[in-house]
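Content type CSV, C-alpha atoms, from the file work.csv:
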```
chain,number,residue,atom,x,y,z
H,1,GLY,CA,-19.0,29.8,-4.0
H,2,ALA,CA,-15.3,30.5,-3.2
H,3,GLY,CA,-12.7,27.8,-3.8
H,4,VAL,CA,-10.1,26.6,-1.5
H,5,SER,CA,-8.0,29.4,-0.1
H,6,GLN,CA,-4.6,29.3,1.5
H,7,THR,CA,-2.7,31.9,3.5
H,8,PRO,CA,-0.2,33.3,3.3
H,9,SER,CA,0.6,32.9,-0.4
H,10,ASN,CA,4.3,33.3,0.3
H,11,LYS,CA,6.2,32.7,3.5
H,12,VAL,CA,9.9,33.3,4.0
H,13,THR,CA,11.4,32.2,7.3
H,14,GLU,CA,14.8,31.4,8.8
H,15,LYS,CA,16.1,28.0,9.6
H,16,GLY,CA,15.0,26.9,13.0
H,17,LYS,CA,11.8,29.0,13.1
H,18,TYR,CA,8.2,27.8,13.6
H,19,VAL,CA,5.7,28.4,10.8
H,20,GLU,CA,1.9,28.0,10.4
H,21,LEU,CA,0.2,27.6,7.1
H,22,ARG,CA,-3.6,28.0,6.9
H,23,CYS,CA,-6.2,26.4,4.6
H,24,ASP,CA,-9.8,27.4,4.2
H,25,PRO,CA,-11.6,24.6,2.4
H,26,ILE,CA,-14.7,24.9,0.3
H,27,SER,CA,-17.7,25.4,2.6
H,28,GLY,CA,-19.4,22.1,3.5
H,29,HIS,CA,-16.5,19.9,2.4
H,30,THR,CA,-16.0,17.0,4.8
H,31,ALA,CA,-12.5,16.0,3.8
H,32,LEU,CA,-9.3,18.1,3.7
H,33,TYR,CA,-5.8,17.1,2.4
H,34,TRP,CA,-2.3,18.6,2.6
H,35,TYR,CA,0.4,18.0,0.0
H,36,ARG,CA,3.9,19.3,-0.5
H,37,GLN,CA,5.3,20.0,-3.9
H,38,SER,CA,9.0,20.4,-4.3
H,39,LEU,CA,10.4,22.1,-7.4
H,40,GLY,CA,10.0,19.9,-10.5
H,41,GLN,CA,8.1,17.2,-8.6
H,42,GLY,CA,4.5,16.2,-8.3
H,43,PRO,CA,2.6,16.9,-5.1
H,44,GLU,CA,3.4,14.5,-2.3
H,45,PHE,CA,0.7,13.5,0.1
H,46,LEU,CA,1.1,14.6,3.8
H,47,ILE,CA,-2.2,14.1,5.6
H,48,TYR,CA,-5.9,13.6,5.2
H,49,PHE,CA,-8.7,14.8,7.5
H,50,GLN,CA,-12.2,13.4,7.6
H,51,GLY,CA,-14.0,16.0,9.6
H,52,THR,CA,-11.9,16.9,12.7
H,53,GLY,CA,-9.8,13.8,12.8
H,54,ALA,CA,-6.7,12.8,10.9
H,55,ALA,CA,-7.8,9.7,8.9
H,56,ASP,CA,-4.3,9.2,7.5
H,57,ASP,CA,-1.1,11.1,8.5
H,58,SER,CA,1.3,8.6,7.0
H,59,GLY,CA,2.8,11.2,4.7
H,60,LEU,CA,4.0,13.6,7.4
H,61,PRO,CA,7.8,13.3,7.0
H,62,ASN,CA,8.7,13.6,10.7
H,63,ASP,CA,7.5,14.9,14.1
H,64,ARG,CA,8.3,18.5,13.2
H,65,PHE,CA,5.2,18.5,11.0
H,66,PHE,CA,1.8,18.6,12.6
H,67,ALA,CA,-1.7,19.6,11.3
H,68,VAL,CA,-5.0,20.3,13.0
H,69,ARG,CA,-8.6,20.9,12.0
H,70,PRO,CA,-10.3,21.5,15.3
H,71,GLU,CA,-13.8,22.4,14.0
H,72,GLY,CA,-13.8,20.4,10.8
H,73,SER,CA,-13.4,23.4,8.6
H,74,VAL,CA,-10.2,25.5,8.6
H,75,SER,CA,-6.9,23.6,8.9
H,76,THR,CA,-3.5,24.7,10.0
H,77,LEU,CA,-0.2,22.9,9.0
H,78,LYS,CA,2.5,23.6,11.6
H,79,ILE,CA,6.2,23.1,11.0
H,80,GLN,CA,8.6,23.3,13.9
H,81,ARG,CA,12.3,24.0,13.7
H,82,THR,CA,12.2,24.6,10.0
H,83,GLU,CA,15.0,23.3,7.8
H,84,ARG,CA,16.1,24.4,4.3
H,85,GLY,CA,14.8,21.1,2.9
H,86,ASP,CA,11.3,22.1,4.0
H,87,SER,CA,11.2,24.7,1.2
H,88,ALA,CA,8.4,23.8,-1.1
H,89,VAL,CA,4.9,24.8,-2.2
H,90,TYR,CA,2.4,23.4,0.4
H,91,LEU,CA,-1.0,22.6,-1.2
H,92,CYS,CA,-4.3,22.1,0.4
H,93,ALA,CA,-7.3,20.4,-1.1
H,94,SER,CA,-10.8,19.6,0.0
H,95,SER,CA,-13.5,17.2,-1.2
H,96,PRO,CA,-17.2,16.9,-0.5
H,97,ARG,CA,-17.4,13.5,1.2
H,98,GLY,CA,-13.9,12.1,1.6
H,99,TRP,CA,-13.0,8.5,0.9
H,100,THR,CA,-16.1,6.9,2.0
H,101,SER,CA,-17.0,7.6,-1.6
H,102,ASP,CA,-14.6,6.6,-4.3
H,103,THR,CA,-16.0,9.1,-6.8
H,104,ASP,CA,-15.0,12.0,-4.6
H,105,THR,CA,-13.0,14.8,-6.3
H,106,GLN,CA,-10.3,16.9,-4.6
H,107,TYR,CA,-10.3,20.7,-5.3
H,108,PHE,CA,-6.9,22.3,-4.8
H,109,GLY,CA,-6.0,25.7,-3.4
H,110,PRO,CA,-3.3,27.9,-4.9
H,111,GLY,CA,-0.7,26.8,-2.4
H,112,THR,CA,1.7,28.5,0.0
H,113,ARG,CA,5.3,28.9,-1.2
H,114,LEU,CA,7.5,28.3,1.9
H,115,THR,CA,11.1,29.4,1.7
H,116,VAL,CA,13.5,28.5,4.5
H,117,LEU,CA,16.7,30.6,4.4
F,1,GLY,CA,3.9,0.3,-1.8
F,2,ASP,CA,1.3,1.9,-4.1
F,3,SER,CA,2.8,4.2,-6.7
F,4,VAL,CA,2.4,5.8,-10.1
F,5,THR,CA,4.9,5.9,-12.9
F,6,GLN,CA,4.3,8.6,-15.5
F,7,MET,CA,6.0,9.3,-18.7
F,8,GLU,CA,8.6,11.9,-18.2
F,9,GLY,CA,8.6,15.1,-20.2
F,10,PRO,CA,8.9,17.6,-21.5
F,11,VAL,CA,6.8,17.0,-24.5
F,12,THR,CA,6.6,19.5,-27.4
F,13,LEU,CA,4.0,19.2,-30.1
F,14,SER,CA,2.5,21.2,-32.9
F,15,GLU,CA,-1.1,22.2,-32.9
F,16,GLU,CA,-3.5,19.5,-34.0
F,17,ALA,CA,-1.0,16.7,-33.2
F,18,PHE,CA,-2.0,13.6,-31.3
F,19,LEU,CA,-0.9,13.5,-27.6
F,20,THR,CA,-0.4,10.4,-25.4
F,21,ILE,CA,1.0,10.5,-21.9
F,22,ASN,CA,1.6,7.1,-20.4
F,23,CYS,CA,0.7,6.3,-16.8
F,24,THR,CA,1.0,3.0,-15.0
F,25,TYR,CA,0.3,2.2,-11.4
F,26,THR,CA,1.0,-0.4,-8.8
F,27,ALA,CA,-1.6,-0.9,-6.1
F,28,THR,CA,-3.4,-3.4,-4.0
F,29,GLY,CA,-7.0,-3.7,-5.2
F,30,TYR,CA,-8.5,-1.4,-7.8
F,31,PRO,CA,-8.0,2.3,-6.8
F,32,SER,CA,-9.7,5.2,-8.5
F,33,LEU,CA,-7.5,6.9,-11.1
F,34,PHE,CA,-7.1,10.5,-11.9
F,35,TRP,CA,-5.5,12.9,-14.3
F,36,TYR,CA,-4.9,16.4,-12.9
F,37,VAL,CA,-3.7,19.4,-14.9
F,38,GLN,CA,-1.8,22.5,-13.9
F,39,TYR,CA,-2.1,25.4,-16.4
F,40,PRO,CA,0.6,28.1,-16.2
F,41,GLY,CA,0.0,30.3,-13.2
F,42,GLU,CA,-3.0,28.3,-12.0
F,43,GLY,CA,-3.7,25.7,-9.4
F,44,LEU,CA,-4.1,22.0,-9.9
F,45,GLN,CA,-7.5,20.9,-11.2
F,46,LEU,CA,-9.1,17.6,-12.0
F,47,LEU,CA,-9.1,16.8,-15.7
F,48,LEU,CA,-10.8,13.4,-15.6
F,49,LYS,CA,-11.1,10.3,-13.5
F,50,ALA,CA,-12.2,6.7,-13.6
F,51,THR,CA,-13.3,4.6,-10.6
F,52,LYS,CA,-13.3,1.1,-11.9
F,53,ALA,CA,-11.8,-1.2,-14.5
F,54,ASP,CA,-12.8,-0.4,-18.1
F,55,ASP,CA,-14.2,3.0,-17.2
F,56,LYS,CA,-13.3,5.8,-19.6
F,57,GLY,CA,-12.9,9.3,-18.2
F,58,SER,CA,-13.2,12.2,-20.6
F,59,ASN,CA,-13.1,16.0,-20.5
F,60,LYS,CA,-12.0,18.8,-22.9
F,61,GLY,CA,-11.3,16.3,-25.6
F,62,PHE,CA,-9.0,14.2,-23.4
F,63,GLU,CA,-9.7,10.6,-22.7
F,64,ALA,CA,-8.2,7.9,-20.5
F,65,THR,CA,-9.3,4.3,-20.0
F,66,TYR,CA,-8.8,2.3,-16.8
F,67,ARG,CA,-7.0,-0.9,-18.0
F,68,LYS,CA,-6.8,-3.4,-15.2
F,69,GLU,CA,-4.9,-6.0,-17.3
F,70,THR,CA,-2.0,-3.6,-18.0
F,71,THR,CA,-2.5,-1.4,-14.8
F,72,SER,CA,-2.5,1.6,-17.0
F,73,PHE,CA,-4.4,4.9,-17.4
F,74,HIS,CA,-2.9,6.6,-20.4
F,75,LEU,CA,-4.1,10.1,-21.3
F,76,GLU,CA,-4.9,10.8,-25.0
F,77,LYS,CA,-6.1,13.7,-27.1
F,78,GLY,CA,-6.6,13.5,-30.8
F,79,SER,CA,-5.9,17.2,-31.7
F,80,VAL,CA,-4.1,19.4,-29.2
F,81,GLN,CA,-4.4,23.2,-29.0
F,82,VAL,CA,-2.0,25.8,-27.7
F,83,SER,CA,-4.3,26.2,-24.7
F,84,ASP,CA,-3.5,22.5,-23.7
F,85,SER,CA,0.0,23.6,-22.7
F,86,ALA,CA,0.3,22.6,-19.1
F,87,VAL,CA,1.7,20.1,-16.6
F,88,TYR,CA,-0.2,16.9,-16.4
F,89,PHE,CA,-0.2,14.6,-13.4
F,90,CYS,CA,-1.5,11.0,-13.1
F,91,GLY,CA,-2.6,9.9,-9.6
F,92,HIS,CA,-4.6,7.2,-7.8
F,93,ASP,CA,-6.6,6.8,-4.6
F,94,TYR,CA,-7.1,9.6,-2.1
F,95,LYS,CA,-3.4,10.1,-1.6
F,96,LEU,CA,-3.2,10.6,-5.4
F,97,SER,CA,0.4,9.3,-5.3
F,98,PHE,CA,1.3,11.6,-8.1
F,99,GLY,CA,4.1,11.0,-10.5
F,100,ALA,CA,6.5,13.8,-11.3
F,101,GLY,CA,4.3,15.3,-14.0
F,102,THR,CA,4.6,15.7,-17.7
F,103,THR,CA,5.1,19.2,-19.1
F,104,VAL,CA,3.4,19.6,-22.4
F,105,THR,CA,4.1,22.5,-24.7
F,106,VAL,CA,1.9,23.0,-27.9
F,107,ARG,CA,3.3,25.3,-30.5
F,108,ALA,CA,1.1,27.1,-33.0
```
Written as structure tokens, that's how I'd like the structure from this file.
Amino acid sequence: GAGVSQTPSNKVTEKGKYVELRCDPISGHTALYWYRQSLGQGPEFLIYFQGTGAADDSGLPNDRFFAVRPEGSVSTLKIQRTERGDSAVYLCASSPRGWTSDTDTQYFGPGTRLTVL
Amino acid sequence: GDSVTQMEGPVTLSEEAFLTINCTYTATGYPSLFWYVQYPGEGLQLLLKATKADDKGSNKGFEATYRKETTSFHLEKGSVQVSDSAVYFCGHDYKLSFGAGTTVTVRA
């Protein structure tokens, strides 16, 4: 009965480095979402997975950002050549059925705070 | 494109006061609408939702009605408590398209 978990909880890196952020969704949830929340702002949509495939990646800001979900469960958000502007809290959410059902509810993890120095 | 406009905060109230947070949206079609809440030190959680016009979502004494004619989904609570102090986010569709959030502080 665990909720969505994200690791690490905090990540500090240097400009130009590569980082991976992990999300473990609620067991059995078909859909998985990534968001980015900058200080003082609401979460901003990045990408939505339905199973293993990215159903909508329109929120990824540029080609430095990439996410995978190879087995339809755990997902990894990958950021190449990090920039100071990438500093934010990265949130993951999962939902039981995804957007084949408009009553679906997203359950959020605690987030990973990324700081790029 | 689709978006949500939410009343800016911060909002400070006394206990038992009436709370309204305005939310309007622009979208093609009729998206599902949500209010999420983030209590201090906790993650985002769903407060309530509505999936079609005239639906009313309710939870923990909060209510919001999906108004197609005014494209609005305003959040209301008749008598707030200190424990309602949080940041509230309005969103729609699976992308949620959150606004900036409204910080509500309730004083005893």
List as a PDB file with C-alpha atoms, keeping the file's coordinate frame the residues having at least one atom at most 12 Å from position (-14.2, 7.9, -21.3) as given in the file, counting only C-alpha atoms.
```
ATOM      1  CA  LEU F  47      -9.100  16.800 -15.700  1.00  0.00           C
ATOM      2  CA  LEU F  48     -10.800  13.400 -15.600  1.00  0.00           C
ATOM      3  CA  LYS F  49     -11.100  10.300 -13.500  1.00  0.00           C
ATOM      4  CA  ALA F  50     -12.200   6.700 -13.600  1.00  0.00           C
ATOM      5  CA  THR F  51     -13.300   4.600 -10.600  1.00  0.00           C
ATOM      6  CA  LYS F  52     -13.300   1.100 -11.900  1.00  0.00           C
ATOM      7  CA  ALA F  53     -11.800  -1.200 -14.500  1.00  0.00           C
ATOM      8  CA  ASP F  54     -12.800  -0.400 -18.100  1.00  0.00           C
ATOM      9  CA  ASP F  55     -14.200   3.000 -17.200  1.00  0.00           C
ATOM     10  CA  LYS F  56     -13.300   5.800 -19.600  1.00  0.00           C
ATOM     11  CA  GLY F  57     -12.900   9.300 -18.200  1.00  0.00           C
ATOM     12  CA  SER F  58     -13.200  12.200 -20.600  1.00  0.00           C
ATOM     13  CA  ASN F  59     -13.100  16.000 -20.500  1.00  0.00           C
ATOM     14  CA  LYS F  60     -12.000  18.800 -22.900  1.00  0.00           C
ATOM     15  CA  GLY F  61     -11.300  16.300 -25.600  1.00  0.00           C
ATOM     16  CA  PHE F  62      -9.000  14.200 -23.400  1.00  0.00           C
ATOM     17  CA  GLU F  63      -9.700  10.600 -22.700  1.00  0.00           C
ATOM     18  CA  ALA F  64      -8.200   7.900 -20.500  1.00  0.00           C
ATOM     19  CA  THR F  65      -9.300   4.300 -20.000  1.00  0.00           C
ATOM     20  CA  TYR F  66      -8.800   2.300 -16.800  1.00  0.00           C
ATOM     21  CA  ARG F  67      -7.000  -0.900 -18.000  1.00  0.00           C
ATOM     22  CA  PHE F  73      -4.400   4.900 -17.400  1.00  0.00           C
ATOM     23  CA  HIS F  74      -2.900   6.600 -20.400  1.00  0.00           C
ATOM     24  CA  LEU F  75      -4.100  10.100 -21.300  1.00  0.00           C
ATOM     25  CA  GLU F  76      -4.900  10.800 -25.000  1.00  0.00           C
ATOM     26  CA  LYS F  77      -6.100  13.700 -27.100  1.00  0.00           C
TER      27      LYS F  77
END
```
Original post:
Excluding same-chain residues fewer than 6 positions from Ser75 of chain H, what lies within 6 Å of it counting all atoms listed in the file, as a ChimeraX atom specification?
Top reply: /H:22-23,68-69
Subject >> Counting all atoms listed in the file, the residue of H:Leu21, H:Leu39, H:Leu32, H:Leu91 that sits nearest Asp57 of chain H >> reply: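 Between H:Leu21, H:Leu39, H:Leu32, H:Leu91, the residue approaching Asp57 of chain H most closely is H:Leu32.
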For chain F against chain H, with a cut-off of 10 Å and counting all atoms listed in the file, what is the closest atom pair and its distance in Å to one decimal for every residue that makes the cut, ordered by chain and number, as a tab-separated table?
```
residue	atom	partner	partner_atom	distance
F:Pro31	CA	H:Asp102	CA	8.3
F:Ser32	CA	H:Asp102	CA	6.6
F:Leu33	CA	H:Thr103	CA	9.8
F:Phe34	CA	H:Thr105	CA	9.2
F:Tyr36	CA	H:Gln106	CA	9.9
F:Gly41	CA	H:Pro110	CA	9.2
F:Glu42	CA	H:Pro110	CA	7.1
F:Gly43	CA	H:Pro110	CA	5.0
F:Leu44	CA	H:Phe108	CA	5.8
F:Gln45	CA	H:Tyr107	CA	6.5
F:Leu46	CA	H:Thr105	CA	7.5
F:Leu48	CA	H:Thr105	CA	9.7
F:Lys49	CA	H:Thr103	CA	8.4
F:Ala50	CA	H:Thr103	CA	8.2
F:Thr51	CA	H:Thr103	CA	6.5
F:Lys52	CA	H:Asp102	CA	9.5
F:Val87	CA	H:Gly42	CA	9.6
F:Tyr88	CA	H:Gly42	CA	9.4
F:Phe89	CA	H:Gly42	CA	7.1
F:Cys90	CA	H:Gly42	CA	9.3
F:Gly91	CA	H:Gly42	CA	9.6
F:Asp93	CA	H:Asp102	CA	8.0
F:Tyr94	CA	H:Trp99	CA	6.7
F:Lys95	CA	H:Phe45	CA	5.6
F:Leu96	CA	H:Phe45	CA	7.3
F:Ser97	CA	H:Glu44	CA	6.7
F:Phe98	CA	H:Gly42	CA	5.6
F:Gly99	CA	H:Gly42	CA	5.7
F:Ala100	CA	H:Gly42	CA	4.3
F:Gly101	CA	H:Gly42	CA	5.8
F:Thr102	CA	H:Gly42	CA	9.4
F:Thr103	CA	H:Gly40	CA	9.9
```
Which polymer residues have any atom within 8 Å of an atom of Leu114 of chain H, counting all atoms listed in the file, with same-chain residues fewer than 2 positions away left out, as a CSV table (one decimal) with C-alpha atoms, keeping the file's coordinate frame?
```csv
chain,number,residue,atom,x,y,z
H,10,ASN,CA,4.3,33.3,0.3
H,11,LYS,CA,6.2,32.7,3.5
H,12,VAL,CA,9.9,33.3,4.0
H,13,THR,CA,11.4,32.2,7.3
H,86,ASP,CA,11.3,22.1,4.0
H,87,SER,CA,11.2,24.7,1.2
H,88,ALA,CA,8.4,23.8,-1.1
H,89,VAL,CA,4.9,24.8,-2.2
H,90,TYR,CA,2.4,23.4,0.4
H,112,THR,CA,1.7,28.5,0.0
H,116,VAL,CA,13.5,28.5,4.5
```
**OP:** Please measure the separation of atom CA of Asn22 of chain F and atom CA of Cys92 of chain H, giving the value in Å to one decimal.
**Re:**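 Rounded to one decimal, the two atoms are 26.3 Å apart.
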Subject >> Distance query Arg107 of chain F at most 8 Å, all atoms listed in the file, self and fewer than 3 positions along chain excluded, as a PyMOL selection string >> reply: chain F and resi 12-15+82
Subject >> Counting only C-alpha atoms, the residue of H:Pro61, H:Ile79, H:Gly72, H:Leu117 that sits nearest Tyr18 of chain H >> reply: H:Ile79
Which residues, written as a compact mmCIF listing (two decimals) with C-alpha atoms, in the frame of the given file, have at least one atom at most 8 Å from Gln81 of chain F, with only C-alpha atoms counted and residues fewer than 5 positions away on the same chain left out?
```
# COMPACT_ATOMS: atom_id res chain seq x y z
CA GLU F 15 -1.10 22.20 -32.90
CA GLU F 16 -3.50 19.50 -34.00
CA VAL F 106 1.90 23.00 -27.90
CA ALA F 108 1.10 27.10 -33.00
```
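Nearest residue to His92 of chain F, choosing from F:Val104, F:Met7, F:Leu19, F:Ala27 and counting only C-alpha atoms: F:Ala27.
For the pair atom CA of Thr71 of chain F and atom CA of Gln6 of chain F, the separation is 12.1 Å.
As for atom CA of Glu71 of chain H and atom CA of Ile26 of chain H, they are spaced 14.0 Å apart.
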Subject >> Who sits within 9 Å of Ser73 of chain H, all atoms listed in the file, same chain under 6 positions skipped, as a ChimeraX atom specification >> reply: /H:23-32,51-52
